[in-house]
Amino acid sequence: MQARKKLPHSWLFMGSAGLGKYELALRLAHFLLCDHAQQDACGQCTACQLLAHNNHPDLYCLGVEEGMIKIESIRELVMELNYTPNQGKKRIAIINHAHLLNLSAANALLKTLEEPAESALLILLSDKPSFLPATIRSRCQKIIFSPPAADLARAWLRENLDEKVDADLLLSLAENAPLKALAWAAHLPARAQLLQDLLAWSYGTITFTQFITNCRTYSWDFIVVNLFSLIVDLLKLHQGASLLINQDQRDFLLCFKIAPARLLAYSERLLELSKFMNENINLNQQLLLENVWLSWEEMVRSEC
């Protein structure tokens, strides 16, 4: 109980996606709101029952709306945190993807971080903490999440997946983040189809229209993540590296003979378009994707 009283008013959980930041934040909130917590939440008391049904009046989980966290959401949250807790002694807010706070929202949150209510606890989560204003970062107790050792991640993943799934490949695609790797398992068929179509289009087996039509089932993030991993691997092959992200696609990668300078230029273009996409939520995603693919075609054709 003494440890519960000594917690800071604000935390910043930072680290790559898929390392369990949100899960730990929720578990911490459950522990602090539980009526009979010892080493963990009891799971039986009234507070735990409310938490199990996502109905606890003193826990607020804030996420992204239309690509950002808006000032209206933060103002409402700040108002709630200033009230006396309905139960227990804490009011807890978990802000996921905190780096997506727009400037007005960040400024509105800053005052609460500077002068928090005695009962308030804020937990900010971010896989891009450098995007947060320095004034926000400096007022939070920082906890850095790092990927686990490869053997531990592999063992955990194998316990949670079908034996036929390649755990090493999933961890490679997910930057050794176990939860991200687990999510990747469901996307392997789509990845295989995307790469198959990309090769076919790049070498003229299918038309651009056919390729674009096939790509409409994929999200922007899915396409960009796969393209960046391919670019990194193609650069690695130029350097003679044997360890690739796409460990199962060496033959696919060897089909492309693209100069490092062109790969780097394309990656810069992809970063530019990604930033543009994030900053313009009403943008026509289809037109942006066509731009991405036409830039790819220009890069590949220039090497033929």
# chains A, B, ... in the order shown; residues from 1 in each chain; ligands from 1
$ residues_around --residues "region 37-53 of chain A" --least-positions-apart "5" --cutoff "12 Å" --atoms "only C-alpha atoms" --output "list of chain:residue names"
A:Met1, A:Gln2, A:Ala3, A:Arg4, A:Leu24, A:Leu26, A:Arg27, A:Leu28, A:Ala29, A:His30, A:Phe31, A:Leu32, A:Asp58, A:Leu59, A:Tyr60, A:Cys61, A:Asn86, A:Gln87, A:Gly88, A:Lys89, A:Lys90
$ write_last_selection --atoms "C-alpha atoms" --output "PDB file, in the first residue's frame"
ATOM      1  CA  MET A   1       0.000   0.000   0.000  1.00  0.00           C
ATOM      2  CA  GLN A   2       2.910   2.354   0.718  1.00  0.00           C
ATOM      3  CA  ALA A   3       4.185   1.882  -2.852  1.00  0.00           C
ATOM      4  CA  ARG A   4       0.777   2.901  -4.155  1.00  0.00           C
ATOM      5  CA  LEU A  24       0.971  -2.749 -18.439  1.00  0.00           C
ATOM      6  CA  LEU A  26      -4.095  -1.086 -17.716  1.00  0.00           C
ATOM      7  CA  ARG A  27      -2.710  -3.579 -15.218  1.00  0.00           C
ATOM      8  CA  LEU A  28      -1.213  -0.770 -13.155  1.00  0.00           C
ATOM      9  CA  ALA A  29      -4.539   1.090 -13.229  1.00  0.00           C
ATOM     10  CA  HIS A  30      -6.390  -2.049 -12.109  1.00  0.00           C
ATOM     11  CA  PHE A  31      -3.932  -2.531  -9.262  1.00  0.00           C
ATOM     12  CA  LEU A  32      -4.311   1.053  -8.062  1.00  0.00           C
ATOM     13  CA  ASP A  58     -12.363   6.600 -12.259  1.00  0.00           C
ATOM     14  CA  LEU A  59     -10.496   5.141 -15.238  1.00  0.00           C
ATOM     15  CA  TYR A  60     -10.298   7.050 -18.526  1.00  0.00           C
ATOM     16  CA  CYS A  61      -8.672   5.594 -21.651  1.00  0.00           C
ATOM     17  CA  ASN A  86     -16.068   8.240  -7.289  1.00  0.00           C
ATOM     18  CA  GLN A  87     -14.453   5.235  -5.630  1.00  0.00           C
ATOM     19  CA  GLY A  88     -11.114   4.759  -3.927  1.00  0.00           C
ATOM     20  CA  LYS A  89      -8.468   7.455  -3.943  1.00  0.00           C
ATOM     21  CA  LYS A  90      -7.385   7.819  -7.576  1.00  0.00           C
TER      22      LYS A  90
END
$ closest_atom_pairs --of "region 30-138 of chain A" --to "region 262-278 of chain A" --cutoff "10 Å" --atoms "only C-alpha atoms" --output "CSV"
residue,atom,partner,partner_atom,distance
A:Glu66,CA,A:Asn278,CA,9.8
A:Gly67,CA,A:Asn278,CA,6.8
A:Met68,CA,A:Asn278,CA,8.7
A:Leu100,CA,A:Asn278,CA,9.5
$ residues_around --residues "Ala177 (chain A)" --least-positions-apart "2" --cutoff "8 Å" --atoms "only C-alpha atoms" --output "ChimeraX atom specification"
/A:16-19,147-148,153,171,174-175,179-181
$ write_last_selection --atoms "N, CA and C atoms" --output "mmCIF file, in the first residue's frame"
data_model
loop_
_atom_site.group_PDB
_atom_site.id
_atom_site.type_symbol
_atom_site.label_atom_id
_atom_site.label_comp_id
_atom_site.auth_asym_id
_atom_site.auth_seq_id
_atom_site.Cartn_x
_atom_site.Cartn_y
_atom_site.Cartn_z
ATOM 1 N N SER A 16 8.959 0.805 -28.599
ATOM 2 C CA SER A 16 8.342 0.367 -29.853
ATOM 3 C C SER A 16 6.952 -0.210 -29.630
ATOM 4 N N ALA A 17 6.137 -0.172 -30.676
ATOM 5 C CA ALA A 17 4.819 -0.806 -30.620
ATOM 6 C C ALA A 17 4.989 -2.309 -30.404
ATOM 7 N N GLY A 18 4.023 -2.905 -29.706
ATOM 8 C CA GLY A 18 4.036 -4.354 -29.526
ATOM 9 C C GLY A 18 4.822 -4.841 -28.336
ATOM 10 N N LEU A 19 5.230 -3.940 -27.440
ATOM 11 C CA LEU A 19 5.992 -4.344 -26.256
ATOM 12 C C LEU A 19 5.139 -4.373 -24.990
ATOM 13 N N PRO A 147 12.800 -4.332 -26.289
ATOM 14 C CA PRO A 147 12.446 -5.691 -26.705
ATOM 15 C C PRO A 147 13.109 -6.719 -25.799
ATOM 16 N N PRO A 148 12.436 -7.826 -25.516
ATOM 17 C CA PRO A 148 13.034 -8.878 -24.691
ATOM 18 C C PRO A 148 14.128 -9.611 -25.456
ATOM 19 N N ALA A 153 11.500 -14.042 -26.349
ATOM 20 C CA ALA A 153 10.420 -13.636 -27.260
ATOM 21 C C ALA A 153 9.979 -14.814 -28.112
ATOM 22 N N LEU A 171 9.129 -12.340 -35.596
ATOM 23 C CA LEU A 171 9.886 -11.443 -34.725
ATOM 24 C C LEU A 171 10.770 -10.500 -35.541
ATOM 25 N N ALA A 174 8.595 -7.821 -36.859
ATOM 26 C CA ALA A 174 8.041 -6.997 -35.776
ATOM 27 C C ALA A 174 9.113 -6.351 -34.911
ATOM 28 N N GLU A 175 10.368 -6.346 -35.369
ATOM 29 C CA GLU A 175 11.463 -5.726 -34.604
ATOM 30 C C GLU A 175 11.579 -6.329 -33.206
ATOM 31 N N LEU A 179 4.179 -8.812 -28.981
ATOM 32 C CA LEU A 179 2.770 -8.578 -29.293
ATOM 33 C C LEU A 179 2.586 -8.141 -30.744
ATOM 34 N N LYS A 180 3.526 -7.378 -31.242
ATOM 35 C CA LYS A 180 3.484 -6.973 -32.639
ATOM 36 C C LYS A 180 3.686 -8.184 -33.552
ATOM 37 N N ALA A 181 4.577 -9.086 -33.144
ATOM 38 C CA ALA A 181 4.810 -10.316 -33.903
ATOM 39 C C ALA A 181 3.563 -11.188 -33.926
#
$ closest_residue --among "A:Trp11, A:Trp296, A:Trp156, A:Tyr22" --to "Phe228 (chain A)" --atoms "only C-alpha atoms"
A:Trp296
$ atom_distance --atom1 "CA of Ile92 (chain A)" --atom2 "CA of Ala183 (chain A)"
27.8 Å
$ closest_residue --among "A:Leu194, A:Val232, A:Ile71, A:Leu161" --to "Tyr218 (chain A)" --atoms "only C-alpha atoms"
A:Leu194
